[in-house]
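Colleague: File final_28.cif follows (mmCIF, C-alpha atoms and all ligand atoms):
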```cif
data_work
loop_
_atom_site.label_atom_id
_atom_site.label_comp_id
_atom_site.auth_asym_id
_atom_site.auth_seq_id
_atom_site.Cartn_x
_atom_site.Cartn_y
_atom_site.Cartn_z
CA MET R 16 -3.79 56.29 34.32
CA PHE R 17 -6.25 57.40 36.98
CA GLU R 18 -9.40 57.66 34.79
CA HIS R 19 -10.77 54.26 35.77
CA ILE R 20 -10.46 54.78 39.51
CA GLU R 21 -13.86 54.82 41.19
CA ARG R 22 -14.90 56.79 44.22
CA VAL R 23 -15.88 54.61 47.18
CA PRO R 24 -17.89 55.57 50.26
CA GLY R 25 -15.88 56.75 53.27
CA ASP R 26 -15.77 55.06 56.67
CA ALA R 27 -19.35 54.96 57.99
CA ILE R 28 -18.29 55.71 61.58
CA LEU R 29 -15.91 58.54 60.76
CA GLY R 30 -18.49 59.94 58.29
CA LEU R 31 -20.81 60.61 61.22
CA ILE R 32 -18.39 63.28 62.49
CA GLU R 33 -18.96 65.40 59.37
CA ALA R 34 -22.70 64.80 59.27
CA PHE R 35 -23.01 65.83 62.93
CA LYS R 36 -20.98 69.00 62.40
CA LYS R 37 -23.29 70.09 59.57
CA ASP R 38 -26.50 69.57 61.57
CA THR R 39 -27.96 72.88 62.81
CA ASN R 40 -30.36 71.34 65.38
CA PRO R 41 -29.41 73.00 68.70
CA GLN R 42 -30.38 69.86 70.60
CA LYS R 43 -28.26 67.52 68.44
CA VAL R 44 -26.48 64.65 70.20
CA ASP R 45 -23.36 62.85 68.95
CA LEU R 46 -23.34 59.16 69.83
CA GLY R 47 -21.15 58.20 66.86
CA VAL R 48 -17.40 57.84 66.83
CA GLY R 49 -15.79 56.19 69.85
CA VAL R 50 -14.04 58.95 71.71
CA TYR R 51 -14.63 59.72 75.36
CA ARG R 52 -16.60 62.87 76.23
CA ASP R 53 -16.86 64.65 79.57
CA THR R 54 -19.95 66.31 81.08
CA GLN R 55 -19.49 69.27 78.69
CA GLY R 56 -19.21 67.00 75.67
CA ASN R 57 -15.48 67.68 75.28
CA THR R 58 -12.60 65.24 74.88
CA PRO R 59 -10.01 67.03 77.02
CA VAL R 60 -6.33 66.23 77.49
CA MET R 61 -5.91 64.36 80.79
CA ARG R 62 -4.06 66.31 83.50
CA ALA R 63 -1.47 63.56 83.91
CA VAL R 64 -0.80 63.72 80.16
CA LYS R 65 -0.39 67.53 80.22
CA GLU R 66 2.08 67.27 83.08
CA ALA R 67 4.02 64.47 81.39
CA GLU R 68 4.21 66.52 78.19
CA ALA R 69 5.51 69.56 80.08
CA ARG R 70 8.29 67.42 81.53
CA LEU R 71 9.09 65.86 78.18
CA LEU R 72 9.34 69.22 76.49
CA LYS R 73 11.69 70.45 79.18
CA ASN R 74 13.93 67.39 79.21
CA GLU R 75 13.93 66.32 75.58
CA THR R 76 17.43 66.27 74.11
CA THR R 77 16.98 64.54 70.76
CA LYS R 78 14.43 63.51 68.18
CA THR R 79 16.46 60.72 66.68
CA TYR R 80 14.84 57.42 65.56
CA ILE R 81 13.68 55.21 68.40
CA GLY R 82 14.04 51.83 66.64
CA SER R 83 11.57 49.42 65.06
CA HIS R 84 10.38 48.09 68.44
CA GLY R 85 9.95 51.62 69.80
CA ALA R 86 11.22 52.91 73.11
CA PRO R 87 12.25 50.15 75.56
CA SER R 88 10.98 52.38 78.39
CA TYR R 89 7.48 52.19 76.84
CA GLY R 90 7.45 48.39 76.53
CA GLU R 91 8.78 48.20 80.08
CA VAL R 92 5.62 49.83 81.46
CA VAL R 93 3.02 48.51 79.03
CA LEU R 94 3.86 44.85 79.66
CA PRO R 95 3.10 45.03 83.44
CA MET R 96 0.00 47.12 82.71
CA VAL R 97 -1.31 44.38 80.42
CA PHE R 98 -0.12 41.26 82.27
CA GLY R 99 0.17 42.48 85.89
CA ALA R 100 3.48 43.27 87.58
CA GLU R 101 3.88 39.78 89.03
CA SER R 102 2.90 37.91 85.87
CA PRO R 103 4.53 34.52 85.34
CA VAL R 104 4.58 35.39 81.62
CA LEU R 105 6.89 38.31 82.33
CA LYS R 106 8.97 36.36 84.84
CA ALA R 107 9.60 33.72 82.17
CA ASN R 108 10.55 36.47 79.72
CA ARG R 109 8.22 35.10 77.07
CA ALA R 110 6.42 38.32 76.05
CA SER R 111 7.79 40.88 73.65
CA ALA R 112 6.49 44.43 73.17
CA THR R 113 6.70 46.37 69.92
CA GLN R 114 5.47 49.97 70.07
CA SER R 115 3.12 50.72 67.19
CA PRO R 116 1.13 53.57 65.65
CA GLY R 117 -1.99 52.96 67.74
CA GLY R 118 -3.84 49.73 68.29
CA THR R 119 -4.59 49.85 64.56
CA GLY R 120 -0.86 49.74 63.79
CA ALA R 121 -0.46 46.80 66.17
CA LEU R 122 -3.28 44.97 64.38
CA ARG R 123 -1.61 45.57 61.03
CA LEU R 124 1.72 44.29 62.38
CA ALA R 125 -0.09 41.20 63.68
CA ALA R 126 -1.82 40.73 60.32
CA ASP R 127 1.41 41.01 58.32
CA PHE R 128 3.21 38.72 60.75
CA ILE R 129 0.46 36.11 60.36
CA SER R 130 0.38 36.35 56.59
CA THR R 131 4.17 36.08 56.20
CA GLN R 132 5.10 33.72 59.04
CA LEU R 133 1.93 31.60 59.28
CA PRO R 134 0.82 31.45 55.65
CA GLY R 135 -2.48 29.75 54.93
CA LYS R 136 -3.95 30.34 58.38
CA GLY R 137 -7.47 31.75 58.38
CA ILE R 138 -8.65 34.36 60.86
CA TRP R 139 -11.97 34.38 62.75
CA VAL R 140 -13.64 37.54 64.01
CA SER R 141 -16.82 38.04 65.99
CA ASP R 142 -19.98 38.93 64.07
CA PRO R 143 -20.21 41.87 64.52
CA THR R 144 -16.79 43.33 65.16
CA TRP R 145 -14.98 46.65 64.66
CA PRO R 146 -15.22 47.11 60.85
CA ASN R 147 -11.50 47.87 60.59
CA HIS R 148 -10.74 44.27 61.59
CA HIS R 149 -12.19 43.18 58.26
CA GLY R 150 -10.17 45.75 56.33
CA ILE R 151 -6.86 45.14 58.08
CA PHE R 152 -6.83 41.35 57.91
CA THR R 153 -8.14 41.23 54.36
CA ALA R 154 -5.59 43.82 53.23
CA ALA R 155 -2.86 41.54 54.59
CA GLY R 156 -4.20 38.73 52.41
CA ILE R 157 -5.64 36.62 55.22
CA GLU R 158 -8.86 34.71 54.70
CA LEU R 159 -11.46 36.12 57.06
CA HIS R 160 -14.30 34.19 58.71
CA LYS R 161 -16.92 35.11 61.31
CA TYR R 162 -18.20 33.49 64.47
CA PRO R 163 -21.59 34.48 65.97
CA TYR R 164 -21.57 36.87 68.91
CA VAL R 165 -25.04 38.42 69.29
CA ASP R 166 -28.43 36.73 69.00
CA PRO R 167 -31.51 38.25 67.32
CA ASP R 168 -32.79 39.40 70.74
CA ASN R 169 -29.64 41.51 71.20
CA ARG R 170 -27.97 39.28 73.80
CA LEU R 171 -24.49 37.75 73.88
CA ASP R 172 -24.77 34.52 71.87
CA PHE R 173 -22.19 32.49 73.76
CA ASP R 174 -23.75 29.19 72.68
CA GLY R 175 -23.33 30.20 69.05
CA MET R 176 -19.81 31.44 69.67
CA ARG R 177 -18.80 28.23 71.47
CA THR R 178 -20.18 25.98 68.73
CA ALA R 179 -18.43 28.00 66.02
CA LEU R 180 -15.08 28.12 67.84
CA LYS R 181 -15.18 24.34 68.23
CA SER R 182 -15.36 23.93 64.47
CA ILE R 183 -12.51 26.29 63.54
CA PRO R 184 -9.76 24.44 61.67
CA GLU R 185 -6.77 23.60 63.83
CA GLY R 186 -4.12 26.29 63.81
CA ASP R 187 -6.33 29.17 62.66
CA VAL R 188 -6.31 32.53 64.42
CA VAL R 189 -9.25 33.67 66.54
CA VAL R 190 -9.70 37.37 67.29
CA LEU R 191 -11.14 38.10 70.73
CA HIS R 192 -11.98 41.46 72.28
CA ALA R 193 -10.32 41.60 75.70
CA CYS R 194 -13.05 43.85 77.13
CA CYS R 195 -15.53 46.54 76.11
CA HIS R 196 -16.47 44.70 72.92
CA ASN R 197 -16.75 47.08 69.96
CA PRO R 198 -19.50 47.48 68.77
CA THR R 199 -21.75 45.55 71.17
CA GLY R 200 -20.49 46.21 74.72
CA PHE R 201 -21.13 42.53 75.56
CA ASP R 202 -18.15 41.04 77.40
CA LEU R 203 -17.38 37.46 78.38
CA SER R 204 -17.77 36.31 82.00
CA HIS R 205 -14.87 34.60 83.79
CA ASP R 206 -16.49 31.21 83.18
CA GLN R 207 -16.91 31.97 79.50
CA TRP R 208 -13.24 32.99 79.21
CA GLN R 209 -12.34 29.68 80.83
CA GLU R 210 -14.38 27.85 78.19
CA VAL R 211 -12.72 29.87 75.43
CA LEU R 212 -9.31 28.93 76.86
CA GLU R 213 -10.23 25.25 76.79
CA ILE R 214 -11.51 25.39 73.21
CA VAL R 215 -8.46 27.35 72.02
CA ARG R 216 -6.18 24.79 73.66
CA GLU R 217 -8.11 21.80 72.35
CA ARG R 218 -8.37 23.13 68.79
CA LYS R 219 -4.76 24.44 68.88
CA LEU R 220 -5.94 27.90 67.83
CA LEU R 221 -3.85 31.06 68.04
CA PRO R 222 -5.67 33.80 70.00
CA LEU R 223 -5.25 37.39 68.86
CA ILE R 224 -6.67 39.52 71.66
CA ASP R 225 -7.54 43.11 70.79
CA PHE R 226 -7.14 45.20 73.95
CA ALA R 227 -8.17 48.72 72.95
CA TYR R 228 -10.10 49.74 76.07
CA GLN R 229 -8.10 48.62 79.12
CA GLY R 230 -9.56 50.42 82.13
CA PHE R 231 -12.82 51.48 80.47
CA GLY R 232 -14.89 48.47 81.57
CA GLU R 233 -14.40 47.41 85.20
CA GLY R 234 -10.81 48.45 85.94
CA LEU R 235 -7.24 48.08 84.64
CA ASP R 236 -6.72 44.63 86.19
CA GLU R 237 -10.32 43.45 85.90
CA ASP R 238 -10.41 44.22 82.17
CA ALA R 239 -7.24 42.17 81.64
CA TYR R 240 -8.81 38.97 83.03
CA GLY R 241 -9.11 37.15 79.69
CA VAL R 242 -5.73 38.35 78.39
CA ARG R 243 -3.95 37.14 81.51
CA LEU R 244 -5.84 33.85 81.67
CA LEU R 245 -4.96 32.98 78.08
CA ALA R 246 -1.36 34.24 78.18
CA GLU R 247 -0.60 32.38 81.40
CA ASN R 248 -2.15 29.11 80.26
CA LEU R 249 -1.16 28.96 76.61
CA ASP R 250 2.24 28.77 74.95
CA GLU R 251 1.40 31.33 72.31
CA ALA R 252 -0.80 34.40 71.94
CA ILE R 253 -0.88 37.77 70.22
CA ILE R 254 -2.15 40.88 71.99
CA THR R 255 -2.74 44.28 70.43
CA SER R 256 -2.85 46.97 73.08
CA SER R 257 -3.86 50.60 72.62
CA CYS R 258 -3.25 53.66 74.81
CA SER R 259 -5.53 55.85 72.67
CA LYS R 260 -8.55 55.61 74.96
CA ASN R 261 -7.18 55.02 78.44
CA PHE R 262 -4.65 57.86 78.14
CA GLY R 263 -6.90 59.94 75.85
CA ILE R 264 -4.05 60.30 73.34
CA TYR R 265 -5.98 59.29 70.24
CA CYS R 266 -4.03 61.46 67.80
CA GLU R 267 -0.60 60.49 69.13
CA ARG R 268 -1.00 56.97 67.72
CA THR R 269 0.20 54.91 70.64
CA GLY R 270 -0.16 51.17 70.79
CA CYS R 271 1.75 47.98 71.20
CA LEU R 272 1.97 44.57 69.56
CA ILE R 273 2.66 41.97 72.22
CA MET R 274 3.81 38.54 71.11
CA VAL R 275 3.68 35.76 73.69
CA ALA R 276 5.87 32.73 72.93
CA LYS R 277 6.61 29.41 74.59
CA ASP R 278 9.96 30.51 75.94
CA SER R 279 12.38 33.41 75.73
CA GLU R 280 14.33 31.91 72.84
CA GLN R 281 11.25 31.58 70.62
CA MET R 282 10.21 35.03 71.74
CA ASP R 283 13.52 36.46 70.46
CA ASN R 284 13.07 34.71 67.10
CA ILE R 285 9.57 36.08 66.71
CA ARG R 286 10.70 39.51 67.83
CA SER R 287 13.28 39.64 65.05
CA GLN R 288 10.54 38.93 62.49
CA VAL R 289 8.21 41.57 63.96
CA ALA R 290 10.98 44.14 63.54
CA ILE R 291 11.02 43.39 59.82
CA VAL R 292 7.25 43.80 59.55
CA ALA R 293 7.45 47.15 61.36
CA ARG R 294 10.37 48.31 59.22
CA GLU R 295 8.53 47.45 56.01
CA ASN R 296 5.42 49.34 57.12
CA TYR R 297 6.73 52.56 58.65
CA SER R 298 10.28 51.86 59.89
CA ASN R 299 9.96 53.41 63.38
CA PRO R 300 6.81 54.23 65.36
CA PRO R 301 6.00 57.81 66.36
CA ALA R 302 7.71 58.56 69.69
CA HIS R 303 5.63 61.14 71.50
CA GLY R 304 2.67 59.05 72.73
CA GLY R 305 4.89 56.28 74.03
CA ALA R 306 7.05 58.86 75.80
CA ILE R 307 3.94 60.26 77.54
CA VAL R 308 2.84 56.83 78.71
CA SER R 309 6.36 55.99 79.87
CA GLU R 310 6.72 59.29 81.74
CA ILE R 311 3.42 58.73 83.55
CA LEU R 312 3.90 55.08 84.42
CA HIS R 313 7.48 55.55 85.62
CA ASP R 314 6.34 58.21 88.09
CA PRO R 315 4.18 57.05 91.04
CA GLU R 316 2.54 60.47 91.49
CA LEU R 317 1.61 60.82 87.82
CA THR R 318 0.46 57.20 87.78
CA ALA R 319 -1.86 57.89 90.72
CA LEU R 320 -3.27 60.98 89.00
CA TRP R 321 -3.79 59.11 85.73
CA ARG R 322 -5.51 56.22 87.50
CA GLU R 323 -7.81 58.68 89.24
CA GLU R 324 -8.73 60.34 85.93
CA LEU R 325 -9.27 56.98 84.24
CA THR R 326 -11.51 55.86 87.11
CA GLU R 327 -13.51 59.06 86.74
CA MET R 328 -14.08 58.35 83.02
CA ARG R 329 -15.06 54.74 83.66
CA ASP R 330 -17.39 55.60 86.54
CA ARG R 331 -19.05 58.32 84.49
CA ILE R 332 -19.76 55.89 81.65
CA ASN R 333 -21.13 53.23 83.99
CA THR R 334 -23.33 55.76 85.81
CA LEU R 335 -24.69 57.06 82.50
CA ARG R 336 -25.52 53.51 81.48
CA ARG R 337 -27.73 53.06 84.54
CA ASP R 338 -29.23 56.55 84.25
CA PHE R 339 -30.11 55.98 80.59
CA VAL R 340 -32.23 52.97 81.55
CA GLU R 341 -33.80 55.00 84.41
CA ALA R 342 -34.67 57.80 81.99
CA LEU R 343 -36.60 55.29 79.86
CA LYS R 344 -38.70 54.10 82.80
CA PRO R 345 -41.48 56.72 82.44
CA TYR R 346 -41.99 55.45 78.87
CA GLY R 347 -42.15 51.79 79.95
CA LEU R 348 -38.99 51.09 77.93
CA ASP R 349 -36.54 50.37 80.75
CA GLU R 350 -36.77 46.61 80.36
CA LYS R 351 -36.41 46.77 76.61
CA TYR R 352 -33.13 48.68 76.92
CA ALA R 353 -31.90 47.11 80.19
CA CYS R 354 -28.91 45.65 78.29
CA VAL R 355 -27.34 49.12 78.14
CA ALA R 356 -26.76 49.04 81.91
CA GLU R 357 -25.17 45.59 81.67
CA GLN R 358 -22.86 46.21 78.74
CA ARG R 359 -19.40 47.66 79.32
CA GLY R 360 -17.05 50.18 77.74
CA MET R 361 -17.65 53.01 75.37
CA PHE R 362 -20.26 51.26 73.22
CA SER R 363 -23.70 49.72 73.43
CA TYR R 364 -25.58 47.72 70.90
CA THR R 365 -28.90 49.30 71.85
CA GLY R 366 -31.14 47.10 69.74
CA LEU R 367 -32.40 50.17 67.84
CA THR R 368 -33.05 49.22 64.21
CA PRO R 369 -31.43 51.01 61.25
CA GLU R 370 -34.82 52.63 60.51
CA GLN R 371 -35.08 53.89 64.08
CA VAL R 372 -31.49 55.19 63.90
CA ASP R 373 -32.39 57.07 60.70
CA ARG R 374 -35.44 58.62 62.39
CA LEU R 375 -33.40 59.63 65.43
CA ARG R 376 -30.98 61.40 63.12
CA ASP R 377 -33.52 63.04 60.82
CA GLU R 378 -36.14 64.03 63.38
CA PHE R 379 -34.07 64.59 66.51
CA GLY R 380 -30.47 65.25 65.42
CA ILE R 381 -29.26 62.16 67.33
CA TYR R 382 -26.34 60.48 65.54
CA MET R 383 -25.22 56.89 65.95
CA VAL R 384 -24.02 54.03 63.76
CA ARG R 385 -26.86 52.41 61.77
CA SER R 386 -26.28 49.09 63.54
CA GLY R 387 -27.77 50.75 66.63
CA ARG R 388 -24.36 51.19 68.25
CA ALA R 389 -24.29 54.19 70.58
CA ASN R 390 -21.23 55.79 72.14
CA VAL R 391 -22.38 55.91 75.76
CA ALA R 392 -19.86 58.67 76.54
CA GLY R 393 -22.05 60.91 74.36
CA PHE R 394 -24.87 60.62 76.91
CA SER R 395 -25.05 63.38 79.52
CA HIS R 396 -27.41 64.22 82.33
CA GLU R 397 -28.56 67.18 80.22
CA ASN R 398 -29.38 65.16 77.11
CA LEU R 399 -30.78 61.96 78.71
CA PRO R 400 -34.38 63.27 78.98
CA TYR R 401 -34.25 64.34 75.31
CA LEU R 402 -32.74 61.01 74.26
CA ALA R 403 -35.40 59.08 76.20
CA LYS R 404 -38.19 61.12 74.61
CA ALA R 405 -36.76 60.58 71.14
CA ILE R 406 -36.29 56.84 71.66
CA ALA R 407 -39.88 56.60 72.92
CA ALA R 408 -41.05 58.43 69.78
CA VAL R 409 -39.31 56.02 67.43
CA ASN R 410 -40.71 53.07 69.40
CA ASP R 411 -44.31 54.18 68.86
N1 LIG T 501 -9.54 47.83 68.20
C1 LIG T 501 -10.78 48.21 68.52
C2 LIG T 501 -11.78 47.17 68.86
C3 LIG T 501 -11.12 49.55 68.54
O1 LIG T 501 -12.36 49.92 68.85
C4 LIG T 501 -10.14 50.52 68.22
C5 LIG T 501 -10.53 51.93 68.27
O2 LIG T 501 -10.28 52.79 67.57
C6 LIG T 501 -8.85 50.06 67.89
C7 LIG T 501 -8.60 48.71 67.89
C8 LIG T 501 -7.73 50.96 67.46
O3 LIG T 501 -7.35 51.91 68.33
P1 LIG T 501 -6.27 53.01 67.95
O4 LIG T 501 -7.00 54.30 67.89
O5 LIG T 501 -5.30 52.94 69.08
O6 LIG T 501 -5.66 52.66 66.66
O1 LIG T 502 -15.27 52.36 66.60
C1 LIG T 502 -14.96 53.54 66.86
O2 LIG T 502 -15.78 54.44 66.86
C2 LIG T 502 -13.51 53.83 67.23
C3 LIG T 502 -12.90 54.91 66.39
O3 LIG T 502 -11.95 53.72 60.98
C4 LIG T 502 -12.65 54.56 64.96
O4 LIG T 502 -12.83 52.65 67.25
C5 LIG T 502 -13.69 54.30 64.09
C6 LIG T 502 -13.46 54.03 62.75
C7 LIG T 502 -12.18 54.01 62.28
C8 LIG T 502 -11.12 54.29 63.13
C9 LIG T 502 -11.37 54.56 64.48
#
```
What is this file in structure tokens?
Modeller:
Amino acid sequence: MFEHIERVPGDAILGLIEAFKKDTNPQKVDLGVGVYRDTQGNTPVMRAVKEAEARLLKNETTKTYIGSHGAPSYGEVVLPMVFGAESPVLKANRASATQSPGGTGALRLAADFISTQLPGKGIWVSDPTWPNHHGIFTAAGIELHKYPYVDPDNRLDFDGMRTALKSIPEGDVVVLHACCHNPTGFDLSHDQWQEVLEIVRERKLLPLIDFAYQGFGEGLDEDAYGVRLLAENLDEAIITSSCSKNFGIYCERTGCLIMVAKDSEQMDNIRSQVAIVARENYSNPPAHGGAIVSEILHDPELTALWREELTEMRDRINTLRRDFVEALKPYGLDEKYACVAEQRGMFSYTGLTPEQVDRLRDEFGIYMVRSGRANVAGFSHENLPYLAKAIAAVND
């Protein structure tokens, strides 16, 4: 039965973890997979999370199923985090939260919902986008298309994006990154979001906004600008939120599918269908991550601590972005890589070519995705001089 099954290559991003581990170069630098790293290069558990877990362990009385939509206490705190506490969307009771196994799980729920409830609709993703978008939507049987996002000079191609969005067939789904675009780090300005809103409304498109990095760009509220603008001004939207990065609970698989409907009655109808999709995939989501988030966000002291830690992570990334460009100044390369200081979030499309990326890996033990995507959190004040020297060498 299994003889004909072929081996396929693994995930290119996750494969970098193994390759990095095997490298014996003492100066090696990991700029691959998108997890946050502190000054020591570690991905520690946040203090607010540790404290929340201690409380949960002490107070836990049952491990029974939590239901297909997850814990209500989780949805109760995620919705105001995403929309803002005073959101008209929440006041009108037209948003529904379904806890999911990570942002990935939320994307899969969205994909299955689209393929079963909106059959025949195509889906449009930015070129480039997170490779898993391709896999998830295609696996759900949805026809995938791309819209341009970056120009050959490694700048946001908003003209190309606008033109493409205007030609999307009415009723199709358009995937937008709320902030901290993966892989490029190029985000939309407020004016550009406004234009996107107008096109989406005019073309009667359904926006699916992937919100995996809330708080990693400019701030929790600032990063939600596009999500809130679209949700408040459109009848319908889908948002996939993740707590993996902003709570540092990657392995706890904590996310949320948020469906925005015209009114509370339609929201309830949709919600009943989402429950079926969840049930058919995994029945109930894992509880622990959602319980952590709920414990933190229901407690003002823990919330303040968590916000402080999140701010520290964000500020560190944004400082490293500027310092990276500074470190390239002595080599006359600061202008060439100035985009790194302007991009936001964990990732930067550096503009390094696949050949340069290969040389950085082979000659210097510096690992990043072949597209030239670097995880900025892998920079440190210790390795920046080495990185700058290596980048200068591959630019010779
Ligand atoms: N969407 C994007 C753009 C991502 O970069 C990630 C990161 O892993 C996800 C979704 C999924 O996040 P999670 O780890 O919560 O599944
Ligand atoms: O893009 C990244 O590095 C993160 C982590 O299949 C990730 O989003 C990468 C690949 C993958 C799952 C998660």
Colleague: All residues within 8 Å of ligand LIG 501 (chain T) are required, counting all atoms listed in the file; please report them as a PyMOL selection string.
Modeller: chain R and resi 49+116-122+144-145+147-148+192+196-198+225-228+255-260+265-266+268-270
Colleague: Write out as a ChimeraX atom specification which residues come within 9 Å of Ser363 (chain R) when counting only C-alpha atoms, dropping same-chain ones fewer than 2 positions away.
Modeller: /R:196-201,354-355,358-361,365-366,387-391
Colleague: Report as number ranges by chain all protein, DNA and RNA residues lying within 12 Å of Asp206 (chain R), evaluated on all atoms listed in the file, omitting residues in the same chain fewer than 3 positions from it.
Modeller: R: 173, 202-203, 209-213, 240-241, 244
Colleague: Take the residues just selected and output them with C-alpha atoms as a PDB file, keeping the file's coordinate frame.
Modeller:
```pdb
ATOM      1  CA  PHE R 173     -22.190  32.490  73.760  1.00  0.00           C
ATOM      2  CA  ASP R 202     -18.150  41.040  77.400  1.00  0.00           C
ATOM      3  CA  LEU R 203     -17.380  37.460  78.380  1.00  0.00           C
ATOM      4  CA  GLN R 209     -12.340  29.680  80.830  1.00  0.00           C
ATOM      5  CA  GLU R 210     -14.380  27.850  78.190  1.00  0.00           C
ATOM      6  CA  VAL R 211     -12.720  29.870  75.430  1.00  0.00           C
ATOM      7  CA  LEU R 212      -9.310  28.930  76.860  1.00  0.00           C
ATOM      8  CA  GLU R 213     -10.230  25.250  76.790  1.00  0.00           C
ATOM      9  CA  TYR R 240      -8.810  38.970  83.030  1.00  0.00           C
ATOM     10  CA  GLY R 241      -9.110  37.150  79.690  1.00  0.00           C
ATOM     11  CA  LEU R 244      -5.840  33.850  81.670  1.00  0.00           C
TER      12      LEU R 244
END
```
Colleague: Compare R:Val292, R:Leu124, R:Ile32, R:Val23 by their minimum atom-to-atom distance to ligand LIG 502 (chain T), counting all atoms listed in the file, and give me the closest one.
Modeller: R:Ile32
Colleague: Using all atoms listed in the file, which of R:Glu378, R:Glu68, R:Ala392, R:Val372 sits nearest Glu267 (chain R)?
Modeller: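 Once distances to Glu267 (chain R) are computed over all atoms listed in the file, the minimum belongs to R:Glu68.
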Colleague: Can you write out as a Markdown table which residues of region 293-375 of chain R fall within 9 Å of region 233-236 of chain R, alongside each residue's closest atom pair and its distance in Å to one decimal, counting only C-alpha atoms and ordering rows by chain and ascending residue number?
Modeller:
```
| residue | atom | partner | partner_atom | distance |
| --- | --- | --- | --- | --- |
| R:Arg322 | CA | R:Leu235 | CA | 8.8 |
| R:Leu325 | CA | R:Gly234 | CA | 8.8 |
| R:Thr326 | CA | R:Gly234 | CA | 7.5 |
| R:Arg329 | CA | R:Glu233 | CA | 7.5 |
| R:Asp330 | CA | R:Glu233 | CA | 8.8 |
| R:Asn333 | CA | R:Glu233 | CA | 9.0 |
| R:Arg359 | CA | R:Glu233 | CA | 7.7 |
| R:Gly360 | CA | R:Glu233 | CA | 8.4 |
```
Colleague: Taking 4 positions as the minimum chain separation for residues in the same chain, which residues sit within 7 Å of region 345-352 of chain R when counting all atoms listed in the file? Answer as a VMD selection string.
Modeller: chain R and resid 340 to 341 365 407
